[in-house]
Every structure is written in C-alpha cells, then in structure tokens.
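Trainee: Got a structure for you, questions after.
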Amino acid sequence: MTNSVLFTPKAMGTIVSPNRIVMAPMTRSRTAQPGDIPTDLMATYYAQRASAGFIITEATQISKQGKGYSFTPGMYSEEHVNGWRKVTNAVHAAEGRIFSQLWHVGRMSHESLHEDGTPVAPSALSPDAQVWIVGDDGVGRMLDCPIPRALSNDDIKDIIDDYRHTAKNAIEAGFDGIEIHAGNGYLIDQFLRRSSNKRDDEYGGSIENRIRFAVEIIDAVSHEIGADKVGIRLAPFITQRGMNDTQVIDAILLAAKLFNDLGIAYIHLSEADWDDAPAVSDSFRHDLRAAFNGAIIVAGNYTAESGEKIIASGLVDFVAYGRKFLANPDLPYRFKNNLPLNEITDSSTLFGGGEVGYTDFPCYTI
Ligand SMILES: Cc1cc2nc3c(=O)[nH]c(=O)nc-3n(C[C@H](O)[C@H](O)[C@H](O)COP(=O)(O)O)c2cc1C
C-alpha cells in the first residue's frame with residue numbers, strides 16, 4: 001500500500017500528520033494508585049505507537065465527579081499533569097503527535113466513586129448499564145450504574161469550567177491538542193438525546209437547547225487553548241446505554257455547524273464502540289462534510305482497505321484504528337507493507353494489569 005492515500009500527509013489544526021492513520025482513544029486502566037496518575041509504563045505504551053499520524057489518548061477525567069471506571073487517568077491535578085508530561089515527552093521524542101481525550105462520564109458511573117454516593121446527569125434516569133469497578137479485594141467486576149442526580153444550572157457551569165481548566169492542563173502537560181469526548185453515552189451525549197435529557201430549562205427540550213452544553217464546552221476550551229487545538233468525538237449511531245434517539249443526527253448536524261463557526265480542528269465519529277456498527281448513510285456523510293470545514297475522522301471496525309476507500313471518497317480525512325493499534329504498535333508500517341497483524345488473544349488484559357497485553361505486542365520482524 002506504499003502509494004495509498006493512507007500515507008499522504010495532511011495538516012490539521014497546529015499539526016501536520018504524516019499519514020491518515022490515527023490511534024483511537026482506548027481506556028486501559030493502568031494508572032498509579034491512589035490518585036489515577038499516568039505512569040512510565042503508559043509513556044512506553046504510547047511512545048511505541050508514535051508512528052500514528054497522531055494518537056488520541058484513553059479517556060481522561062476532568063474531575064473526580066467525572067470518573068466512571070477504576071484506574072482511569074485524571075487531568076485535574078498537578079500530579080496528573082506531571083504524569084502526562086512523561087507521556088507527551090516520550091511520544092514527542094519518538095517523533096509522534098498526541099491529543100488528550102477529556103471525559104466526564106455523567107451517569108455512567110458507580111456510587112463507590114462518589115463521596116455523596118451519586119453520579120450526575122442531565123436528568124435523574126439510570127442508563128441501564130454497567131461500569132468496571134475494582135473492589136477492595138482487587139478484583140474488577142461490571143457493576144450496575146445507579147440512578148443519578150440531575151445537575152443544577154450552577155453545576156453545569158462548574159463542569160464547563162472543569163473542561164476549560166483541564167484543557168489548559170493538557171496543554172501544560174505537552175499535548176498537541178485535546179479531544180472532547182461527547183460520544184458513547186457519556187455526559188455530553190446524555191445532554192444531546194431526548195432519551196436521557198428530560199430537562200425543561202435552556203439545556204433541555206429543543207435540539208438547540210440539547211446541544212447547548214456541548215457548544216458551551218467547545219467555546220470555553222477553544223477560548224482557553226485555541227480552537228485549532230480542539231477536536232470533538234461524537235457517536236450518533238449508538239443506541240445502547242439508554243441512548244436511542246432518532247433526533248440525534250439532526251442535533252449533531254446542527255452542532256457541527258456551530259463547531260465550524262468556532263473553528264475547531266476536527267470532528268471524530270465513533271461509528272462503533274465494539275461490534276455494534278450500523279451502516280452510516282452516504283447522505284449523513286455528505287451533510288456532515290457540508291456543515292463542517294475542519295477534518296473528519298472516523299473509527300469503528302475499519303481495515304486498511306476500507307480506511308483507504310473512505311478517505312479516497314473525499315468524505316473523510318483520517319481513519320482511527322482501535323484494537324488493531326492496541327495489538328500492533330507498528331500498525332502504519334504493517335499496513336504499508338501488507339504485513340500480517342497481531343491479534344488480541346486475551347481480553348482480560350484490556351483493562352487493568354501491567355505490561356502483559358499492553359507493552360508486549362511485538363513489532364513486525366522478518
Ligand atoms: C479497550 C478499548 C477501550 C476503549 N476506550 C475508549 C475510550 O476511552 N474513549 C473512546 O472514545 N472510545 C473508546 N473505545 C472505542 C475505540 O476508540 C474505537 O472506537 C472502537 O474500538 C472501534 O474501533 P476498532 O474497531 O478500530 O477497534 C475503546 C475501545 C476499546 C477496544
């Protein structure tokens with residue numbers, strides 16, 4: 001695939017990506033405890049994958065309240081910034097580029113992670129979903145999410161400020177930019193959809209009101225660090241976690257126009273969380289392209305061939321690979337030379353643990 005469009009460089013925001021192969025954000029739950037601090041091992045893992053056009057980190061909480069799973073990293077304390085600086089230094093030393101994915105899980109959380117025992121959400125509705133929590137016995141289990149507390153208007157302003165503050169922290173930690181995680185049924189997604197947002201104030205009801213939270217966050221972080229360092233991840237096609245709402249496509253297309261006015265670097269579509277990838281219509285792709293002038297990234301079960309094809313269509317600029325990058329630190333090299341790929345053989349190493357199933361996937365050798 002040496003001459004493939006996958007290997008053509010492209011400028012995006014403040015970076016120039018040497019290829020179109022992005023490493024998708026993947027939670028790996030390997031921070032140091034207590035405090036959810038990024039480690040040297042995480043720096044090794046990301047640096048191994050520095051040949052990506054750019055890397056998007058695992059989801060990283062903007063506050064204690066924004067946490068939903070054990071051992072996921074934070075970005076709100078000085079220790080977090082210092083830990084992440086090791087990661088960005090290692091990636092930059094390996095000539096890579098790296099964005100931080102900023103995250104608030106909202107109702108996708110567990111009572112054990114909250115001092116008052118209650119996660120927060122636009123409305124007091126349970127997601128009918130589970131999160132991965134490690135108990136006092138050291139064993140990780142999937143546990144039910146409780147009914148959350150509905151956020152007040154003042155709470156919402158505080159959360160927007162947490163996004164702003166952690167965007168600033170990410171730049172201080174050496175990241176090339178940030179990605180706001182607005183997909184997969186987490187807090188911002190919960191605001192976008194009628195199924196999880198029953199508010200009757202300016203953050204609920206009409207499409208304009210339901211996208212307001214996302215737009216105010218993007219506005220706040222763009223003013224803080226520069227819109228050319230900001231991307232957003234959206235997942236219009238998921239329906240699990242109580243997220244089914246046919247109007248979400250209209251909401252996302254209207255939001256895309258407003259993100260365009262703010263001048264952000266990219267929109268990243270999570271087309272599948274795991275294998276639940278519905279077909280994405282061409283008309284949606286055309287509408288998104290028409291609404292947004294920045295880069296468009298897609299992710300979800302892409303191969304080298306399907307990635308090349310969708311970029312060649314002109315409707316997309318980058319393809320993010322998740323599980324293939326997890327198991328193949330040298331993924332661009334393998335794609336370029338049509339080499340076989342390593343597979344994930346032990347799913348128990350995905351979340352939590354050490355080097356096994358994390359930094360021990362081999363690069364290709366003859
Ligand atoms: C282990 C694992 C962890 C994930 N964690 C995140 C995450 O933190 N943030 C996110 O937006 N998506 C997350 N995802 C979804 C991936 O970014 C990606 O969209 C998904 O794996 C589909 O792409 P793939 O078929 O190339 O793996 C995760 C996926 C996997 C496999």
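Ordered as shown in the structure tokens, chains take letters A, B, and onward, while each chain numbers its residues from 1 and ligands are numbered from 1 in the order shown.
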For ligand 1, list the contacting residues at 7 Å or closer, counting only C-alpha atoms and all ligand atoms, as JSON, numbers by chain.

Mentor: {"A": [24, 25, 26, 27, 28, 58, 59, 181, 183, 184, 233, 270, 271, 272, 273, 274, 299, 300, 301, 302, 320, 321, 322, 323, 324, 350, 351]}

Trainee: Atoms to include: N, CA and C atoms. Write the selected residues as an mmCIF file, in the first residue's frame.

Mentor:
data_model
loop_
_atom_site.group_PDB
_atom_site.id
_atom_site.type_symbol
_atom_site.label_atom_id
_atom_site.label_comp_id
_atom_site.auth_asym_id
_atom_site.auth_seq_id
_atom_site.Cartn_x
_atom_site.Cartn_y
_atom_site.Cartn_z
ATOM 1 N N ALA A 24 -6.951 5.363 17.848
ATOM 2 C CA ALA A 24 -8.219 5.700 18.508
ATOM 3 C C ALA A 24 -8.046 5.697 20.029
ATOM 4 N N PRO A 25 -8.856 6.498 20.721
ATOM 5 C CA PRO A 25 -8.786 6.518 22.192
ATOM 6 C C PRO A 25 -9.208 5.172 22.780
ATOM 7 N N MET A 26 -8.381 4.667 23.699
ATOM 8 C CA MET A 26 -8.727 3.383 24.329
ATOM 9 C C MET A 26 -8.364 3.379 25.808
ATOM 10 N N THR A 27 -9.376 3.227 26.622
ATOM 11 C CA THR A 27 -9.201 3.084 28.067
ATOM 12 C C THR A 27 -8.437 1.800 28.362
ATOM 13 N N ARG A 28 -7.375 1.903 29.180
ATOM 14 C CA ARG A 28 -6.601 0.708 29.517
ATOM 15 C C ARG A 28 -6.435 0.543 31.035
ATOM 16 N N GLU A 58 -6.428 7.513 25.834
ATOM 17 C CA GLU A 58 -7.575 6.984 26.569
ATOM 18 C C GLU A 58 -8.346 8.136 27.217
ATOM 19 N N ALA A 59 -9.631 7.911 27.460
ATOM 20 C CA ALA A 59 -10.466 8.937 28.084
ATOM 21 C C ALA A 59 -9.914 9.284 29.472
ATOM 22 N N HIS A 181 -14.650 14.255 24.613
ATOM 23 C CA HIS A 181 -15.401 13.008 24.404
ATOM 24 C C HIS A 181 -16.889 13.301 24.584
ATOM 25 N N GLY A 183 -19.270 11.285 23.034
ATOM 26 C CA GLY A 183 -19.957 10.130 22.471
ATOM 27 C C GLY A 183 -20.215 9.045 23.494
ATOM 28 N N ASN A 184 -20.616 7.885 22.965
ATOM 29 C CA ASN A 184 -20.685 6.622 23.707
ATOM 30 C C ASN A 184 -21.522 6.663 24.983
ATOM 31 N N ARG A 233 -15.330 14.197 19.805
ATOM 32 C CA ARG A 233 -15.756 12.860 19.375
ATOM 33 C C ARG A 233 -17.247 12.693 19.622
ATOM 34 N N SER A 270 -17.323 8.210 16.216
ATOM 35 C CA SER A 270 -17.194 6.850 16.705
ATOM 36 C C SER A 270 -18.374 6.076 16.118
ATOM 37 N N GLU A 271 -18.082 5.300 15.093
ATOM 38 C CA GLU A 271 -19.181 4.616 14.388
ATOM 39 C C GLU A 271 -19.552 3.314 15.080
ATOM 40 N N ALA A 272 -18.626 2.788 15.894
ATOM 41 C CA ALA A 272 -18.905 1.565 16.658
ATOM 42 C C ALA A 272 -18.112 1.631 17.936
ATOM 43 N N ASP A 273 -18.744 1.248 19.050
ATOM 44 C CA ASP A 273 -17.970 1.174 20.283
ATOM 45 C C ASP A 273 -17.199 -0.144 20.273
ATOM 46 N N TRP A 274 -17.887 -1.233 19.954
ATOM 47 C CA TRP A 274 -17.217 -2.520 19.796
ATOM 48 C C TRP A 274 -17.628 -3.078 18.439
ATOM 49 N N ALA A 299 -14.020 6.134 13.010
ATOM 50 C CA ALA A 299 -13.469 4.953 13.681
ATOM 51 C C ALA A 299 -14.555 3.901 13.801
ATOM 52 N N GLY A 300 -14.126 2.641 13.788
ATOM 53 C CA GLY A 300 -15.074 1.556 14.026
ATOM 54 C C GLY A 300 -14.972 0.452 13.007
ATOM 55 N N ASN A 301 -14.181 -0.559 13.345
ATOM 56 C CA ASN A 301 -14.069 -1.763 12.514
ATOM 57 C C ASN A 301 -13.479 -1.509 11.129
ATOM 58 N N TYR A 302 -12.651 -0.495 10.979
ATOM 59 C CA TYR A 302 -12.023 -0.254 9.673
ATOM 60 C C TYR A 302 -10.811 -1.160 9.488
ATOM 61 N N ALA A 320 -9.377 6.362 12.363
ATOM 62 C CA ALA A 320 -8.783 5.963 13.645
ATOM 63 C C ALA A 320 -8.986 4.460 13.832
ATOM 64 N N TYR A 321 -7.918 3.813 14.260
ATOM 65 C CA TYR A 321 -7.940 2.362 14.494
ATOM 66 C C TYR A 321 -7.752 2.119 15.988
ATOM 67 N N GLY A 322 -8.634 1.306 16.558
ATOM 68 C CA GLY A 322 -8.560 0.996 17.973
ATOM 69 C C GLY A 322 -7.827 -0.306 18.213
ATOM 70 N N ARG A 323 -8.582 -1.402 18.156
ATOM 71 C CA ARG A 323 -7.996 -2.691 18.528
ATOM 72 C C ARG A 323 -6.794 -3.083 17.686
ATOM 73 N N LYS A 324 -6.775 -2.680 16.419
ATOM 74 C CA LYS A 324 -5.597 -3.021 15.594
ATOM 75 C C LYS A 324 -4.358 -2.280 16.080
ATOM 76 N N LEU A 350 -7.237 -6.230 28.714
ATOM 77 C CA LEU A 350 -7.633 -4.932 28.140
ATOM 78 C C LEU A 350 -7.679 -3.848 29.213
ATOM 79 N N PHE A 351 -8.311 -4.165 30.346
ATOM 80 C CA PHE A 351 -8.493 -3.158 31.398
ATOM 81 C C PHE A 351 -7.761 -3.606 32.660
#

Trainee: Write out, as a tab-separated table, each residue of segment 64-115 of chain A that has an atom at most 10 Å from segment 35-39 of chain A, together with the closest pair of atoms and their distance in Å to one decimal, counting only C-alpha atoms, rows going by chain and rising number.

Mentor:
residue	atom	partner	partner_atom	distance
A:Lys64	CA	A:Gly35	CA	9.7
A:Ser70	CA	A:Asp36	CA	8.6
A:Phe71	CA	A:Asp36	CA	5.6
A:Thr72	CA	A:Asp36	CA	6.1
A:Pro73	CA	A:Asp36	CA	4.7
A:Gly74	CA	A:Asp36	CA	5.9
A:Met75	CA	A:Ile37	CA	8.7
A:Ser77	CA	A:Gly35	CA	9.1
A:Glu78	CA	A:Ile37	CA	9.8
A:Glu79	CA	A:Ile37	CA	6.6
A:His80	CA	A:Ile37	CA	5.3
A:Val81	CA	A:Pro38	CA	8.6
A:Asn82	CA	A:Pro38	CA	8.3
A:Gly83	CA	A:Pro38	CA	4.7
A:Trp84	CA	A:Pro38	CA	5.8
A:Arg85	CA	A:Pro38	CA	8.9
A:Lys86	CA	A:Thr39	CA	7.7
A:Val87	CA	A:Pro38	CA	7.8

Trainee: With only C-alpha atoms as the basis for distance, which of A:Ser63, A:Asn328, A:Asn338, A:Gln130 is at the shortest distance from Gly242 of chain A?

Mentor: A:Gln130

Trainee: Between segment 294-362 of chain A and segment 285-290 of chain A, at 10 Å or less, what are the per-residue closest atom pairs and their distances in Å? Count only C-alpha atoms, order by chain and rising residue number, and return it as a tab-separated table.

Mentor:
residue	atom	partner	partner_atom	distance
A:Gly294	CA	A:Arg289	CA	8.7
A:Ala295	CA	A:Arg289	CA	9.0
A:Ile296	CA	A:Arg289	CA	7.8
A:Gly314	CA	A:Arg289	CA	9.2
A:Leu315	CA	A:Arg285	CA	6.3
A:Val316	CA	A:Arg289	CA	8.0

Trainee: Please identify all polymer residues within 8 Å of Glu95 of chain A, counting only C-alpha atoms, omitting same-chain residues fewer than 2 positions from it, and present them as a PDB file with C-alpha atoms, in the first residue's frame.

Mentor:
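This went into around07.pdb:
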ATOM      1  CA  ALA A  50       4.196   7.120  17.827  1.00  0.00           C
ATOM      2  CA  SER A  51       4.185   6.246  14.108  1.00  0.00           C
ATOM      3  CA  VAL A  91       5.778  10.414  22.245  1.00  0.00           C
ATOM      4  CA  HIS A  92       7.422  13.610  21.006  1.00  0.00           C
ATOM      5  CA  ALA A  93      10.896  12.072  21.463  1.00  0.00           C
ATOM      6  CA  ARG A  97       1.883  13.739  17.993  1.00  0.00           C
TER       7      ARG A  97
END

Trainee: Please measure the separation of atom CA of Phe99 of chain A and atom CA of Val356 of chain A, giving the value in Å to one decimal.

Mentor: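 Atom CA of Phe99 of chain A sits 24.6 Å away from atom CA of Val356 of chain A.
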
Trainee: Using only C-alpha atoms, can you tell me which of A:His223, A:Lys67, A:Arg194, A:Arg30 comes closest to Val105 of chain A?

Mentor: A:Lys67
